[in-house]
Amino acid sequence: MERWGWLPLLAGVATATALSRAAGVDMALKWPNDLLVTVPERGGTEATPFGAEFGAERKAGGILAERAGAGVVLGIGLNVSLRADELPVPTAGSLLLAGASVVDRDPLLRAVLRSLEEWYGQWRATGGDPGACRLQEAYTAGCATLGRTVRAELPGDRELVGEAVAIDGDGRLVLATAEGMQEPVGAGDIVHLRGVGG
């Protein structure tokens, strides 16, 4: 139970892995629960994508986890076939807009469920140890938040700004602040302030 905080991150890894394989779309993870895709420039061609500095990453999905009695319920939402004029907000994206080779929900759902089963099985087999089952490594490798300057909007109307430098053993995002401190963030909204490397 003390490792349940890893479940939304596990769902992110499983979903991103499945969609990359099944739809041929590069997926990235925004800590703690967003699924990102790269959408080509509006009005441009698929060969002319936004660069990271122009907001190439768009939120195509999200993950929620809620405790329900002695278990956890996971919810995964995904924009599959939305066109640009159907997006709920300008920062949203979809698999279709990212150039997915497959937008049929049935094979995509099957791929996601198989991947969830595989990752969850590995995680449980190691007693929820994110290092032993390589979940921490996989999440770190796919996390677009790491290496960026971010603002963490924390409970209690607090904010913390720093460079996202790691995902710790509890699944928290570790920020290196201007004061030279490393602060773990376990809950909050994260805003990417600039791209990796500048």
# chains A, B, ... in the order shown; residues from 1 in each chain; ligands from 1
>>> select_by_dssp(residues="chain A", states="alpha helix (DSSP H)", output="PyMOL selection string")
chain A and resi 7-23+105-125+135-142
>>> residues_around(residues="segment 19-35 of chain A", least_positions_apart="5", cutoff="6 Å", atoms="only C-alpha atoms", output="list in words")
Lys59, Ala60, Gly61, Gly62, Ile63, Ala100, Ser101, Val102, Gly142, Cys143, Ala144 and Thr145 of chain A
>>> residues_around(residues="segment 132-134 of chain A", least_positions_apart="4", cutoff="12 Å", atoms="only C-alpha atoms", output="list in words")
Trp6, Leu10, Val13, Glu118, Trp119, Tyr120, Gly121, Gln122, Trp123, Arg124, Ala125, Thr126, Gly127, Gly128, Ala138, Tyr139, Thr140, Ala141 and Gly169 of chain A
>>> residues_around(residues="Val174 of chain A", least_positions_apart="6", cutoff="10 Å", atoms="only C-alpha atoms", output="PyMOL selection string")
chain A and resi 146+162-168+181-186
>>> closest_residue(among="A:Asp170, A:Glu86, A:Glu179, A:Glu66", to="Gln136 of chain A", atoms="only C-alpha atoms")
A:Asp170
>>> atom_distance(atom1="atom CA of His192 of chain A", atom2="atom CA of Leu9 of chain A")
18.1 Å
>>> select_by_dssp(residues="segment 105-159 of chain A", states="strand (DSSP E)", output="list of chain:residue names")
A:Thr149, A:Val150, A:Arg151, A:Ala152, A:Glu153, A:Leu154, A:Arg158, A:Glu159
>>> atom_distance(atom1="atom CA of Thr149 of chain A", atom2="atom CA of Val161 of chain A")
7.1 Å
>>> closest_residue(among="A:Ala178, A:Val150, A:Leu87, A:Leu173", to="Leu193 of chain A", atoms="only C-alpha atoms")
A:Val150
>>> closest_atom_pairs(of="segment 98-124 of chain A", to="segment 74-85 of chain A", cutoff="10 Å", atoms="only C-alpha atoms", output="tab-separated table")
residue	atom	partner	partner_atom	distance
A:Ala98	CA	A:Val80	CA	9.7
A:Ala100	CA	A:Val80	CA	8.9
A:Val102	CA	A:Val80	CA	9.2
A:Val103	CA	A:Val80	CA	6.1
A:Asp104	CA	A:Val80	CA	8.3
A:Arg105	CA	A:Val80	CA	7.5
A:Leu108	CA	A:Val80	CA	9.2
A:Val112	CA	A:Ile76	CA	9.8
